[in-house]
There are 2 protein chains.
Amino acid sequence: MTPEKTISGFSKLRKRDKIKWIAKNFFTDPEHVMNELISYWHGDAAQQKILDGFSENTISNFPMPYGVAPNFLIDGKTYVVPMVIEESSVVAAASAAAKFWMSRGGFKTEILDTQKVGQVHFKWSGNPEKLKGIFPQIKELLILESKDITVNMEQRGGGILDIELLDFNEEEKGLYQIRAYFDTCDSMGANFVNSCLESFGATLRNYVIKSDKLAEDEKDVLIVMSILSNYTPDCLVRASVSCKVDELGDFAGGLNSETFAEKFVTAVKIAHIDPYRATTHNKGIYNGVDAVALATGNDFRAIESCGHTYASRDGKYRSLSYAQVENGIFKFWIDLPLAIGTVGGLTTLHPIAKRSIELLGNPDAKELMSIIASTGLAQNFAAIRSLVTTGIQKGHMKMHLQNILNQMKATEEESSKALKYFDDRVVSFAGVRNFLDSIR
Amino acid sequence: MTPEKTISGFSKLRKRDKIKWIAKNFFTDPEHVMNELISYWHGDAAQQKILDGFSENTISNFPMPYGVAPNFLIDGKTYVVPMVIEESSVVAAASAAAKFWMSRGGFKTEILDTQKVGQVHFKWSGNPEKLKGIFPQIKELLILESKDITVNMEQRGGGILDIELLDFNEEEKGLYQIRAYFDTCDSMGANFVNSCLESFGATLRNYVIKSDKLAEDEKDVLIVMSILSNYTPDCLVRASVSCKVDELGDFAGGLNSETFAEKFVTAVKIAHIDPYRATTHNKGIYNGVDAVALATGNDFRAIESCGHTYASRDGKYRSLSYAQVENGIFKFWIDLPLAIGTVGGLTTLHPIAKRSIELLGNPDAKELMSIIASTGLAQNFAAIRSLVTTGIQKGHMKMHLQNILNQMKATEEESSKALKYFDDRVVSFAGVRNFLDSIR
């Protein structure tokens with residue numbers, strides 16, 4: 001029988017039938033695949049139902065390693081930071097950097113601002129100046145008619161901060177943007193912001209149709225779309241570490257603290273000069289940032305998009321972190337835009353994300369911004385430290401080798417032989433298999 | 001007893017002792033937390049050991065929903081695309097877009113190039129022209145002395161493509177970069193590239209010390225760092241969809257295909273004009289891209305960094321996708337830099353990632369680039385379609401409501417009452433709890 005590769009009504013199948021259809025039509029050992037996928041379900045059906053509800057067409061759980069980096073001293077408080085990451089060395093690096101800075105004053109942070117942003121784009125063909133003239137009136141109405149949405153947020157201390165009209169006629173004839181700024185307190189705020197914006201769109205449309213200030217030929221308004229912006233340059237946290245250069249200590253290969261500091265500052269400078277380097281430099285920062293975001297149920301795609309746009313804000317893609325030596329003091333810091341939440345969304349729904357928030361001592365959104373930025377900075381510190389001292393390959397390959405050995409079910413004795421054999425050789429999957437075959 | 005918040009030797013504790021220490025010192029109900037974390041371990045100890053080995057200080061698994069989007073027709077072949085994502089609507093949107101385009105010719109893709117990039121940065125204080133003059137000789141040596149690393153990759157058809165010397169004296173006195181280009185076949189290639197680069201660094205240092213072409217005061221070279229660049233603008237795939245405008249069909253709210261196409265093209269244009277919009281637009285693309293990356297064991301931080309740098313390459317952060325209507329034909333496409341692998345790394349090690357690769361018919365790296373780019377484009381299509389027609393909030397809030405109801409263990413009857421009640425109300429955690437309390 002030819003396997004069926006397309007299907008109608010898949011989403012309506014029960015979970016077991018979804019798996020069955022996939023296993024039968026796409027795998028050579030359907031039975032085994034079914035059992036394997038089911039083996040990753042949580043033992044408690046109610047728990048599993050919660051997990052399945054987060055997405056659609058779910059057939060199993062994809063397990064990500066849940067690790068922790070202890071000894072993070074941030075603004076005088078000590079944390080064990082939960083990290084969800086599938087890449088080796090990241091948690092070890094964060095832990096090492098945290099411990100290093102714990103005895104040097106720890107991480108200091110500052111919340112620079114917490115504004116969220118939303119946009120309604122629309123097309124309108126009348127006189128731009130006329131629209132700008134009546135906009136204050138429209139603005140009042142936008143605020144008034146979204147009251148049923150904003151009332152709860154206002155009780156929590158948030159709400160709409162400001163609304164402005166932007167004229168994009170130069171780029172596209174008749175195009176305007178309503179840009180609105182929000183305080184969403186301890187929630188990331190996507191649902192709140194989007195609900196407000198859709199209300200703004202409806203209000204605007206009604207106003208234009210009904211207003212006696214507009215002529216007949218000015219009553220056509222096309223709402224293109226109403227949605228939050230993930231670019232929040234004014235939802236910003238600064239995290240920093242600093243110490244005397246001679247407190248940096250001695251490093252591998254006989255590197256003294258002065259040379260280390262100099263190489264470190266140069267490495268960060270290169271990431272400001274060259275976008276090719278900046279990309280990888282910032283990638284390392286997001287190894288730490290995303291791991292905590294995932295662990296606390298925050299949306300890492302939103303965080304990444306925002307941060308990288310911010311990194312390119314002056315027209316060239318650059319490092320998000322900065323380093324300097326001045327008057328014998330080494331200083332390393334980061335400015336990171338971070339729109340995250342500690343209530344609402346997955347944060348409150350995912351069983352392990354809830355535990356992460358508890359592990360961190362139930363921080364509010366600002367405190368979590370500080371924790372995440374510090375973890376990103378720790379990650380970046382550890383990565384640059386490795387790069388300018390021993391290089392990253394040796395440690396990395398050793399861990400990769402251990403993963404391959406686990407996978408091939410190597411015994412302790414085989415593993416120790418392999419570790420010795422590959423000490424000065426390039427590790428590859430095939431290479432390890434050949435080696436194990438040769439000694440088995 | 002005061003809880004202990006810091007610890008020495010944590011990484012050396014057994015997994016159970018790690019959990020015990022955390023539970024005792026950071027949670028109010030240690031027993032319960034221990035049991036909950038352990039309940040997420042895989043039943044098979046050998047499987048769990050493999051998962052634990054991917055990272056450090058692992059204490060449990062963080063379950064991410066593993067879903068599938070069927071009916072993806074890409075270059076004439078049909079796929080069920082595995083997606084790992086914790087955000088609701090993403091898999092449903094990808095599936096809907098896939099089905100929509102299946103009957104309109106599907107996705108067409110083209111691999112534009114597959115070059116990977118690596119860099120060795122060094123400082124040297126001699127005459128730049130002299131260095132440029134001897135570089136061809138150095139280059140030969142770099143290639144020769146890395147042969148033991150490259151020999152296997154060359155057998156598979158890859159290896160070093162080119163090596164060039166860049167002069168950064170203008171930005172930082174004495175700073176140079178060796179930029180190397182690689183073909184890493186079906187692996188993402190990070191380990192291979194980094195091993196080559198560390199070899200280049202060693203070769204360069206030796207050459208400078210020993211060369212009789214350099215005077216005594218030209219023999220100081222400082223290797224700052226040797227590491228791959230995640231910015232790979234020439235590892236690029238293009239994916240596109242197109243059909244006659246009148247084949248687009250009718251949309252919600254009585255929108256006809258012409259108006260839909262026009263609004264769609266405007267929405268994409270806005271994401272080229274305004275970085276605030278571009279950020280969210282591209283974020284939607286990465287909802288799809290990252291979900292497949294995660295499912296196949298690829299590193300989404302590397303993919304994100306690369307893509308966003310690419311989005312800012314002309315000095316302004318812009319949309320990665322493009323749309324046009326020409327001669328009655330609607331066309332929508334994306335150019336996406338994607339350095340991914342189907343062998344090596346986690347792809348071959350993670351039990352579910354391996355199944356994802358199998359589900360996709362064991363694609364090579366190029367085919368996986370096509371699949372990922374198509375999924376990103378599908379995601380973007382679905383998001384814009386929602387935005388310019390019904391808006392995204394209605395569907396989104398309905399799913400969010402269902403998640404909250406699952407969490408609060410609502411019965412079928414309670415759920416159906418809640419769905420009715422919240423049909424025209426704003427959904428919030430507290431609101432749902434109040435409602436359930438009122439009917440319970």
# chains A, B, ... in the order shown; residues from 1 in each chain; ligands from 1
call {"tool": "closest_atom_pairs", "arguments": {"of": "chain B", "to": "chain A", "cutoff": "6 Å", "atoms": "only C-alpha atoms", "output": "JSON lines"}}
result
{"residue": "B:Thr6", "atom": "CA", "partner": "A:Asn71", "partner_atom": "CA", "distance": 5.1}
{"residue": "B:Phe26", "atom": "CA", "partner": "A:Leu359", "partner_atom": "CA", "distance": 5.7}
{"residue": "B:Ile50", "atom": "CA", "partner": "A:Asn406", "partner_atom": "CA", "distance": 5.7}
{"residue": "B:Gly53", "atom": "CA", "partner": "A:Asn403", "partner_atom": "CA", "distance": 5.7}
{"residue": "B:Phe54", "atom": "CA", "partner": "A:Ser88", "partner_atom": "CA", "distance": 5.4}
{"residue": "B:Ser55", "atom": "CA", "partner": "A:Ser88", "partner_atom": "CA", "distance": 4.5}
{"residue": "B:Glu56", "atom": "CA", "partner": "A:Val91", "partner_atom": "CA", "distance": 5.6}
{"residue": "B:Asn57", "atom": "CA", "partner": "A:Gly67", "partner_atom": "CA", "distance": 5.0}
{"residue": "B:Thr58", "atom": "CA", "partner": "A:Gly67", "partner_atom": "CA", "distance": 3.8}
{"residue": "B:Ile59", "atom": "CA", "partner": "A:Gly67", "partner_atom": "CA", "distance": 5.7}
{"residue": "B:Ser60", "atom": "CA", "partner": "A:Tyr66", "partner_atom": "CA", "distance": 5.1}
{"residue": "B:Asn61", "atom": "CA", "partner": "A:Pro65", "partner_atom": "CA", "distance": 4.9}
{"residue": "B:Phe62", "atom": "CA", "partner": "A:Met64", "partner_atom": "CA", "distance": 5.0}
{"residue": "B:Pro63", "atom": "CA", "partner": "A:Pro63", "partner_atom": "CA", "distance": 4.7}
{"residue": "B:Met64", "atom": "CA", "partner": "A:Phe62", "partner_atom": "CA", "distance": 5.0}
{"residue": "B:Pro65", "atom": "CA", "partner": "A:Asn61", "partner_atom": "CA", "distance": 4.9}
{"residue": "B:Tyr66", "atom": "CA", "partner": "A:Asn61", "partner_atom": "CA", "distance": 5.0}
{"residue": "B:Gly67", "atom": "CA", "partner": "A:Thr58", "partner_atom": "CA", "distance": 3.8}
{"residue": "B:Val68", "atom": "CA", "partner": "A:Asn57", "partner_atom": "CA", "distance": 5.7}
{"residue": "B:Asn71", "atom": "CA", "partner": "A:Thr6", "partner_atom": "CA", "distance": 5.1}
{"residue": "B:Glu86", "atom": "CA", "partner": "A:Phe54", "partner_atom": "CA", "distance": 5.7}
{"residue": "B:Ser88", "atom": "CA", "partner": "A:Ser55", "partner_atom": "CA", "distance": 4.5}
{"residue": "B:Val91", "atom": "CA", "partner": "A:Glu56", "partner_atom": "CA", "distance": 5.6}
{"residue": "B:Ala92", "atom": "CA", "partner": "A:Glu56", "partner_atom": "CA", "distance": 5.8}
{"residue": "B:Val224", "atom": "CA", "partner": "A:Val388", "partner_atom": "CA", "distance": 5.6}
{"residue": "B:Met225", "atom": "CA", "partner": "A:Leu387", "partner_atom": "CA", "distance": 5.3}
{"residue": "B:Ser229", "atom": "CA", "partner": "A:Thr280", "partner_atom": "CA", "distance": 5.6}
{"residue": "B:Asn230", "atom": "CA", "partner": "A:Thr280", "partner_atom": "CA", "distance": 5.1}
{"residue": "B:Tyr231", "atom": "CA", "partner": "A:Tyr276", "partner_atom": "CA", "distance": 5.3}
{"residue": "B:Tyr276", "atom": "CA", "partner": "A:Tyr231", "partner_atom": "CA", "distance": 5.3}
{"residue": "B:Arg277", "atom": "CA", "partner": "A:Ser229", "partner_atom": "CA", "distance": 6.0}
{"residue": "B:Thr279", "atom": "CA", "partner": "A:Ser305", "partner_atom": "CA", "distance": 5.5}
{"residue": "B:Thr280", "atom": "CA", "partner": "A:Asn230", "partner_atom": "CA", "distance": 5.1}
{"residue": "B:Lys283", "atom": "CA", "partner": "A:Ser305", "partner_atom": "CA", "distance": 5.7}
{"residue": "B:Arg301", "atom": "CA", "partner": "A:Lys283", "partner_atom": "CA", "distance": 5.8}
{"residue": "B:Ser305", "atom": "CA", "partner": "A:Thr279", "partner_atom": "CA", "distance": 5.6}
{"residue": "B:His308", "atom": "CA", "partner": "A:His308", "partner_atom": "CA", "distance": 5.9}
{"residue": "B:Gly315", "atom": "CA", "partner": "A:Gly315", "partner_atom": "CA", "distance": 4.2}
{"residue": "B:Lys316", "atom": "CA", "partner": "A:Gly315", "partner_atom": "CA", "distance": 5.8}
{"residue": "B:Leu359", "atom": "CA", "partner": "A:Phe26", "partner_atom": "CA", "distance": 5.7}
{"residue": "B:Leu387", "atom": "CA", "partner": "A:Met225", "partner_atom": "CA", "distance": 5.3}
{"residue": "B:Val388", "atom": "CA", "partner": "A:Met225", "partner_atom": "CA", "distance": 5.4}
{"residue": "B:Asn403", "atom": "CA", "partner": "A:Gly53", "partner_atom": "CA", "distance": 5.7}
{"residue": "B:Asn406", "atom": "CA", "partner": "A:Ile50", "partner_atom": "CA", "distance": 5.7}
call {"tool": "write_last_selection", "arguments": {"atoms": "N, CA and C atoms", "output": "compact mmCIF listing (two decimals), in the first residue's frame"}}
result
# COMPACT_ATOMS: atom_id res chain seq x y z
N THR B 6 23.70 29.87 48.84
CA THR B 6 24.87 29.64 47.99
C THR B 6 25.46 28.27 48.30
N PHE B 26 14.88 26.53 48.73
CA PHE B 26 14.21 27.54 47.92
C PHE B 26 12.69 27.35 47.80
N ILE B 50 20.93 10.15 28.63
CA ILE B 50 21.25 10.85 27.38
C ILE B 50 20.77 12.29 27.44
N GLY B 53 22.78 14.51 29.71
CA GLY B 53 24.13 14.81 29.22
C GLY B 53 24.20 16.01 28.29
N PHE B 54 23.05 16.47 27.78
CA PHE B 54 23.07 17.60 26.83
C PHE B 54 23.48 18.90 27.49
N SER B 55 23.26 18.99 28.79
CA SER B 55 23.55 20.24 29.47
C SER B 55 24.17 19.91 30.83
N GLU B 56 24.31 20.89 31.71
CA GLU B 56 24.93 20.64 33.01
C GLU B 56 23.95 20.97 34.14
N ASN B 57 24.22 20.42 35.30
CA ASN B 57 23.36 20.65 36.49
C ASN B 57 21.90 20.37 36.18
N THR B 58 21.65 19.38 35.34
CA THR B 58 20.26 19.07 34.96
C THR B 58 19.57 18.35 36.11
N ILE B 59 18.35 18.79 36.41
CA ILE B 59 17.61 18.15 37.49
C ILE B 59 16.30 17.55 37.00
N SER B 60 15.86 17.97 35.81
CA SER B 60 14.63 17.39 35.28
C SER B 60 14.56 17.70 33.79
N ASN B 61 13.43 17.33 33.18
CA ASN B 61 13.17 17.72 31.80
C ASN B 61 12.13 18.82 31.81
N PHE B 62 12.31 19.77 30.93
CA PHE B 62 11.29 20.81 30.72
C PHE B 62 10.52 20.38 29.48
N PRO B 63 9.26 19.95 29.65
CA PRO B 63 8.53 19.43 28.49
C PRO B 63 8.02 20.56 27.60
N MET B 64 8.39 20.50 26.33
CA MET B 64 7.85 21.44 25.34
C MET B 64 6.87 20.64 24.47
N PRO B 65 5.76 21.25 24.08
CA PRO B 65 4.80 20.53 23.25
C PRO B 65 5.43 20.13 21.91
N TYR B 66 5.29 18.85 21.57
CA TYR B 66 5.78 18.35 20.28
C TYR B 66 4.56 18.16 19.38
N GLY B 67 4.40 19.05 18.41
CA GLY B 67 3.26 18.98 17.52
C GLY B 67 3.68 18.80 16.07
N VAL B 68 2.72 18.61 15.20
CA VAL B 68 3.05 18.44 13.78
C VAL B 68 2.10 19.25 12.91
N ASN B 71 0.53 18.27 5.61
CA ASN B 71 0.13 18.83 4.31
C ASN B 71 1.03 19.94 3.78
N GLU B 86 5.94 26.46 22.38
CA GLU B 86 5.08 26.57 23.56
C GLU B 86 4.02 27.64 23.40
N SER B 88 0.60 29.17 21.67
CA SER B 88 -0.58 28.65 20.99
C SER B 88 -0.75 29.33 19.63
N VAL B 91 1.24 26.26 15.49
CA VAL B 91 1.12 25.03 14.70
C VAL B 91 -0.18 25.06 13.89
N ALA B 92 -1.26 25.55 14.51
CA ALA B 92 -2.53 25.65 13.78
C ALA B 92 -2.38 26.56 12.56
N VAL B 224 43.72 37.07 19.45
CA VAL B 224 42.67 37.50 20.40
C VAL B 224 41.65 36.39 20.59
N MET B 225 41.13 35.86 19.48
CA MET B 225 40.19 34.73 19.58
C MET B 225 39.96 34.11 18.21
N SER B 229 31.72 32.42 12.88
CA SER B 229 30.71 33.48 12.90
C SER B 229 29.36 32.85 12.63
N ASN B 230 28.37 33.22 13.44
CA ASN B 230 27.01 32.75 13.16
C ASN B 230 26.35 33.57 12.07
N TYR B 231 27.04 34.63 11.61
CA TYR B 231 26.46 35.41 10.52
C TYR B 231 26.88 34.80 9.18
N TYR B 276 9.87 48.96 13.92
CA TYR B 276 8.97 48.51 15.00
C TYR B 276 8.05 47.41 14.50
N ARG B 277 7.59 47.56 13.27
CA ARG B 277 6.73 46.53 12.69
C ARG B 277 7.57 45.34 12.21
N THR B 279 10.19 44.05 13.40
CA THR B 279 10.58 43.17 14.51
C THR B 279 9.51 42.11 14.76
N THR B 280 8.26 42.55 14.80
CA THR B 280 7.17 41.61 15.09
C THR B 280 6.88 40.73 13.89
N LYS B 283 9.51 38.21 13.91
CA LYS B 283 9.26 37.35 15.07
C LYS B 283 8.28 36.23 14.67
N ARG B 301 19.25 29.81 18.68
CA ARG B 301 19.90 31.09 18.96
C ARG B 301 20.81 31.48 17.80
N SER B 305 20.11 34.90 15.58
CA SER B 305 21.14 35.94 15.48
C SER B 305 21.46 36.23 14.03
N HIS B 308 18.44 37.98 12.06
CA HIS B 308 18.16 39.38 12.40
C HIS B 308 19.30 40.30 11.94
N GLY B 315 21.39 48.65 6.75
CA GLY B 315 21.46 49.80 7.64
C GLY B 315 20.14 50.09 8.35
N LYS B 316 19.09 49.41 7.93
CA LYS B 316 17.79 49.57 8.60
C LYS B 316 17.21 48.17 8.78
N LEU B 359 10.84 11.58 10.37
CA LEU B 359 9.50 11.99 9.92
C LEU B 359 9.59 12.82 8.64
N LEU B 387 -4.02 39.06 10.51
CA LEU B 387 -3.93 40.48 10.87
C LEU B 387 -4.77 41.36 9.95
N VAL B 388 -4.74 41.07 8.65
CA VAL B 388 -5.45 41.96 7.72
C VAL B 388 -6.91 41.53 7.51
N ASN B 403 -6.68 27.01 27.78
CA ASN B 403 -5.52 26.66 28.62
C ASN B 403 -5.79 26.93 30.09
N ASN B 406 -8.18 24.34 31.41
CA ASN B 406 -7.48 23.07 31.67
C ASN B 406 -6.75 23.13 33.01
call {"tool": "select_by_dssp", "arguments": {"residues": "stretch 66-312 of chain A", "states": "helix (DSSP H, G or I)", "output": "number ranges by chain"}}
result
A: 90-102, 128-145, 147-155, 190-210, 216-218, 245-247, 252-254, 257-273, 275-295, 300-311
call {"tool": "select_by_dssp", "arguments": {"residues": "stretch 188-414 of chain A", "states": "strand (DSSP E)", "output": "number ranges by chain"}}
result
A: 221-229, 235-244, 321-326, 329-337
call {"tool": "write_last_selection", "arguments": {"atoms": "N, CA, C and O atoms", "output": "compact mmCIF listing (two decimals), in the first residue's frame"}}
result
# COMPACT_ATOMS: atom_id res chain seq x y z
N VAL A 221 -11.62 54.91 5.49
CA VAL A 221 -10.40 54.56 6.21
C VAL A 221 -10.26 53.04 6.15
O VAL A 221 -11.23 52.29 6.30
N LEU A 222 -9.04 52.58 5.86
CA LEU A 222 -8.78 51.14 5.80
C LEU A 222 -7.84 50.78 6.95
O LEU A 222 -6.68 51.22 6.95
N ILE A 223 -8.34 50.03 7.93
CA ILE A 223 -7.47 49.56 9.00
C ILE A 223 -6.67 48.38 8.44
O ILE A 223 -7.24 47.34 8.12
N VAL A 224 -5.37 48.56 8.27
CA VAL A 224 -4.56 47.47 7.70
C VAL A 224 -4.33 46.39 8.75
O VAL A 224 -4.59 45.22 8.51
N MET A 225 -3.85 46.78 9.92
CA MET A 225 -3.67 45.80 11.01
C MET A 225 -3.41 46.49 12.33
O MET A 225 -2.92 47.62 12.37
N SER A 226 -3.75 45.78 13.39
CA SER A 226 -3.61 46.31 14.75
C SER A 226 -2.89 45.26 15.58
O SER A 226 -3.43 44.19 15.84
N ILE A 227 -1.66 45.56 15.98
CA ILE A 227 -0.92 44.54 16.75
C ILE A 227 0.25 45.18 17.49
O ILE A 227 0.79 46.20 17.06
N LEU A 228 0.60 44.55 18.59
CA LEU A 228 1.74 45.03 19.39
C LEU A 228 3.02 45.03 18.56
O LEU A 228 3.13 44.32 17.57
N SER A 229 3.99 45.84 18.98
CA SER A 229 5.33 45.71 18.43
C SER A 229 6.20 45.01 19.45
O SER A 229 6.17 45.33 20.64
N CYS A 235 11.94 49.36 27.00
CA CYS A 235 11.69 48.41 28.09
C CYS A 235 13.07 47.78 28.32
O CYS A 235 13.39 46.72 27.77
N LEU A 236 13.88 48.46 29.10
CA LEU A 236 15.32 48.26 29.04
C LEU A 236 15.92 48.05 30.43
O LEU A 236 15.59 48.76 31.37
N VAL A 237 16.81 47.08 30.53
CA VAL A 237 17.52 46.85 31.79
C VAL A 237 19.03 46.91 31.54
O VAL A 237 19.50 46.48 30.49
N ARG A 238 19.74 47.46 32.50
CA ARG A 238 21.20 47.47 32.42
C ARG A 238 21.74 46.57 33.53
O ARG A 238 21.33 46.69 34.69
N ALA A 239 22.64 45.66 33.18
CA ALA A 239 23.30 44.82 34.19
C ALA A 239 24.80 45.01 34.04
O ALA A 239 25.30 45.15 32.92
N SER A 240 25.52 45.03 35.16
CA SER A 240 26.96 45.26 35.08
C SER A 240 27.71 44.49 36.16
O SER A 240 27.14 44.12 37.20
N VAL A 241 28.97 44.25 35.87
CA VAL A 241 29.91 43.73 36.87
C VAL A 241 31.16 44.60 36.80
O VAL A 241 31.47 45.16 35.74
N SER A 242 31.85 44.72 37.91
CA SER A 242 33.12 45.43 37.86
C SER A 242 33.99 45.05 39.05
O SER A 242 33.49 44.62 40.10
N CYS A 243 35.30 45.18 38.84
CA CYS A 243 36.24 44.93 39.93
C CYS A 243 37.58 45.55 39.52
O CYS A 243 37.76 45.95 38.36
N LYS A 244 38.50 45.64 40.48
CA LYS A 244 39.83 46.09 40.13
C LYS A 244 40.47 45.08 39.17
O LYS A 244 40.26 43.88 39.32
N SER A 321 26.79 44.20 24.57
CA SER A 321 27.54 44.43 25.81
C SER A 321 28.74 45.33 25.55
O SER A 321 29.16 45.52 24.40
N TYR A 322 29.28 45.89 26.61
CA TYR A 322 30.38 46.85 26.56
C TYR A 322 31.40 46.51 27.63
O TYR A 322 31.03 46.01 28.69
N ALA A 323 32.67 46.79 27.34
CA ALA A 323 33.70 46.54 28.36
C ALA A 323 34.71 47.68 28.34
O ALA A 323 34.99 48.26 27.29
N GLN A 324 35.24 48.01 29.50
CA GLN A 324 36.28 49.03 29.55
C GLN A 324 37.19 48.80 30.76
O GLN A 324 36.81 48.15 31.73
N VAL A 325 38.41 49.32 30.64
CA VAL A 325 39.28 49.41 31.81
C VAL A 325 39.56 50.89 32.00
O VAL A 325 40.01 51.57 31.07
N GLU A 326 39.26 51.43 33.19
CA GLU A 326 39.50 52.85 33.46
C GLU A 326 40.00 52.98 34.89
O GLU A 326 39.37 52.45 35.82
N ILE A 329 40.12 49.91 36.93
CA ILE A 329 38.87 49.18 37.19
C ILE A 329 38.38 48.55 35.89
O ILE A 329 38.23 49.23 34.87
N PHE A 330 38.13 47.25 35.96
CA PHE A 330 37.53 46.54 34.83
C PHE A 330 36.02 46.62 34.98
O PHE A 330 35.47 46.33 36.05
N LYS A 331 35.33 47.03 33.89
CA LYS A 331 33.87 47.10 33.95
C LYS A 331 33.28 46.46 32.69
O LYS A 331 33.79 46.66 31.59
N PHE A 332 32.22 45.69 32.91
CA PHE A 332 31.59 44.95 31.81
C PHE A 332 30.08 45.08 32.02
O PHE A 332 29.58 44.80 33.11
N TRP A 333 29.37 45.52 31.00
CA TRP A 333 27.93 45.72 31.19
C TRP A 333 27.13 45.51 29.91
O TRP A 333 27.69 45.43 28.82
N ILE A 334 25.85 45.40 30.10
CA ILE A 334 24.95 45.16 28.97
C ILE A 334 23.71 46.02 29.12
O ILE A 334 23.24 46.26 30.24
N ASP A 335 23.20 46.54 28.00
CA ASP A 335 21.87 47.17 27.96
C ASP A 335 20.98 46.26 27.15
O ASP A 335 21.23 46.05 25.95
N LEU A 336 19.96 45.73 27.78
CA LEU A 336 19.15 44.71 27.12
C LEU A 336 17.67 45.09 27.16
O LEU A 336 17.10 45.24 28.23
N PRO A 337 17.04 45.24 25.97
CA PRO A 337 15.60 45.44 25.98
C PRO A 337 14.92 44.09 26.24
O PRO A 337 15.27 43.09 25.61
call {"tool": "residues_around", "arguments": {"residues": "B:Glu216", "least_positions_apart": "6", "cutoff": "12 Å", "atoms": "only C-alpha atoms", "output": "list in words"}}
result
Ser125, Gly126, Val208, Ile209 and Lys210 of chain B
call {"tool": "atom_distance", "arguments": {"atom1": "atom CA of B:Thr109", "atom2": "atom CA of B:Ala97"}}
result
16.1 Å
call {"tool": "atom_distance", "arguments": {"atom1": "atom CA of B:Ala291", "atom2": "atom CA of A:Gly9"}}
result
22.1 Å
call {"tool": "residues_around", "arguments": {"residues": "B:Leu248", "least_positions_apart": "6", "cutoff": "9 Å", "atoms": "only C-alpha atoms", "output": "list in words"}}
result
Phe100, Arg104, Asn256, Ser257, Glu258, Phe260, Ala261 and Phe330 of chain B
call {"tool": "write_last_selection", "arguments": {"atoms": "all heavy atoms", "output": "short mmCIF file (atom, residue, chain, number, x, y, z; two decimals), in the first residue's frame"}}
result
data_model
loop_
_atom_site.label_atom_id
_atom_site.label_comp_id
_atom_site.auth_asym_id
_atom_site.auth_seq_id
_atom_site.Cartn_x
_atom_site.Cartn_y
_atom_site.Cartn_z
N PHE B 100 -3.69 25.55 2.65
CA PHE B 100 -4.09 26.59 1.69
C PHE B 100 -3.20 26.53 0.45
O PHE B 100 -3.67 26.52 -0.68
CB PHE B 100 -3.97 27.96 2.38
CG PHE B 100 -4.39 29.12 1.53
CD1 PHE B 100 -5.70 29.57 1.55
CD2 PHE B 100 -3.46 29.79 0.72
CE1 PHE B 100 -6.09 30.67 0.79
CE2 PHE B 100 -3.85 30.88 -0.05
CZ PHE B 100 -5.17 31.32 -0.02
N ARG B 104 -2.54 25.17 -4.23
CA ARG B 104 -2.14 26.29 -5.10
C ARG B 104 -0.67 26.15 -5.50
O ARG B 104 0.06 27.12 -5.62
CB ARG B 104 -2.39 27.63 -4.38
CG ARG B 104 -3.88 27.99 -4.24
CD ARG B 104 -4.08 29.08 -3.20
NE ARG B 104 -5.49 29.46 -3.05
CZ ARG B 104 -6.36 28.79 -2.28
NH1 ARG B 104 -5.97 27.71 -1.61
NH2 ARG B 104 -7.61 29.20 -2.19
N ASN B 256 -12.76 40.46 -0.39
CA ASN B 256 -12.51 39.70 -1.62
C ASN B 256 -11.02 39.57 -1.89
O ASN B 256 -10.20 40.21 -1.20
CB ASN B 256 -13.26 40.32 -2.80
CG ASN B 256 -12.72 41.71 -3.12
OD1 ASN B 256 -11.53 41.97 -2.95
ND2 ASN B 256 -13.59 42.59 -3.58
N SER B 257 -10.69 38.74 -2.85
CA SER B 257 -9.26 38.41 -3.03
C SER B 257 -8.42 39.62 -3.45
O SER B 257 -7.27 39.73 -3.04
CB SER B 257 -9.10 37.26 -4.03
OG SER B 257 -9.80 37.51 -5.21
N GLU B 258 -8.98 40.54 -4.24
CA GLU B 258 -8.21 41.72 -4.64
C GLU B 258 -7.84 42.58 -3.42
O GLU B 258 -6.69 42.98 -3.25
CB GLU B 258 -8.98 42.60 -5.64
CG GLU B 258 -8.95 42.09 -7.07
CD GLU B 258 -9.89 40.91 -7.26
OE1 GLU B 258 -10.84 40.77 -6.46
OE2 GLU B 258 -9.66 40.09 -8.18
N PHE B 260 -7.86 41.67 -0.32
CA PHE B 260 -6.96 40.90 0.53
C PHE B 260 -5.52 41.04 0.06
O PHE B 260 -4.62 41.34 0.84
CB PHE B 260 -7.38 39.42 0.54
CG PHE B 260 -6.37 38.53 1.20
CD1 PHE B 260 -6.28 38.47 2.59
CD2 PHE B 260 -5.48 37.76 0.44
CE1 PHE B 260 -5.33 37.65 3.21
CE2 PHE B 260 -4.54 36.95 1.05
CZ PHE B 260 -4.46 36.89 2.43
N ALA B 261 -5.30 40.80 -1.24
CA ALA B 261 -3.94 40.86 -1.79
C ALA B 261 -3.32 42.23 -1.56
O ALA B 261 -2.15 42.36 -1.17
CB ALA B 261 -3.95 40.51 -3.28
N PHE B 330 -0.27 36.98 -7.42
CA PHE B 330 0.17 37.27 -6.06
C PHE B 330 1.41 36.43 -5.78
O PHE B 330 1.42 35.23 -6.02
CB PHE B 330 -0.95 36.90 -5.07
CG PHE B 330 -0.52 36.93 -3.62
CD1 PHE B 330 -0.49 38.14 -2.92
CD2 PHE B 330 -0.17 35.77 -2.95
CE1 PHE B 330 -0.12 38.17 -1.58
CE2 PHE B 330 0.22 35.80 -1.61
CZ PHE B 330 0.25 37.00 -0.92
#
